[in-house]
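Notes to accompany the following structure.
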Amino acid sequence: GQQVMQIPQYQHVQEGEDFTTYCNSSTTLSNIQWYKQRPGGHPVFLIQLVKSGEVKKQKRLTFQFGEAKKNSSLHITATQTTDVGTYFCAGPRDSNYQLIWGAGTKLIIKP
Amino acid sequence: ETGVTQTPRHLVMGMTNKKSLKCEQHLGHNAMYWYKQSAKKPLELMFVYNFKEQTENNSVPSRFSPECPNSSHLFLHLHTLQPEDSALYLCASSQESENNGYTFGSGTRLTVV
């Protein structure tokens with residue numbers, strides 16, 4: 001069935017280092033969404049990408065949607081403690097537009 | 001406050017109890033969802049309601065029973081749960097004609113003892 005794979009599962013970084021999470025779909029997606037869940041919190045919508053090759057920026061966060069609309073990435077430049085959490089990608093199912101979720105990448109800042 | 005309010009925030013229940021989770025959205029969205037989030041597992045979609053009509057039941061055991069009396073309220077009735085049902089239960093809403101993503105509530109942390 002239709003799947004969205006996300007890697008890595010965890011990433012440990014020193015504060016100030018960069019962070020990247022990757023999302024790959026088994027099928028072409030009409031759009032891809034990114035969410036952030038802080039520890040003890042709930043997922044919060046960050047952004048939606050729709051166009052092939054689209055790149056969007058939110059301050060230190062850069063989101064990309066692949067040319068084939070089957071993969072996406074989120075890159076954080078110079079991580080800060082406020083970036084800690086789990087980042088999820090999600091894309092709509094072909095049949096009914098319900099979201100299929102990646103497993104998430106947990107960003108951990110090393111002390 | 002996200003615009004989606006869930007109560008209670010925490011719930012401990014025995015396996016023979018009956019309880020209900022409540023979700024209310026003030027965003028005018030036309031779709032509402034129940035998700036289960038367990039440790040080390042992806043978000044699991046349980047139920048979808050669109051314009052109050054249930055459009056998806058993702059093979060959820062009958063001990064979970066949803067109710068959507070109107071487009072702003074969603075309930076999840078729980079009875080004879082198992083310890084493995086302990087998880088964070090998240091309600092979300094969206095406007096399917098727009099591209100603004102899902103808005104999640106703060107969730108109910110459920111522990112079944």
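Residue numbering restarts at 1 in every chain; chains get A, B, ... in the order shown in the structure tokens, and ligands count up from 1 in that same order.
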
(request) For chain A, report every residue with an atom at most 12 Å from chain B (counting only C-alpha atoms), formatted as a VMD selection string. (result) chain A and resid 3 to 6 9 to 10 30 to 50 86 to 92 95 to 106

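The shortest atom-to-atom distance to Gln25 (chain B), with only C-alpha atoms taken into account, belongs to B:Ser71 out of B:Ser71, B:Gln54, B:Thr7, B:Ser62.
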
(message) Quick one: residues within 9 Å of Pro66 (chain B), only C-alpha atoms, excluding same-chain residues fewer than 2 positions away - as a PyMOL selection string?
(response) chain B and resi 34+47+54+64+68+74-78
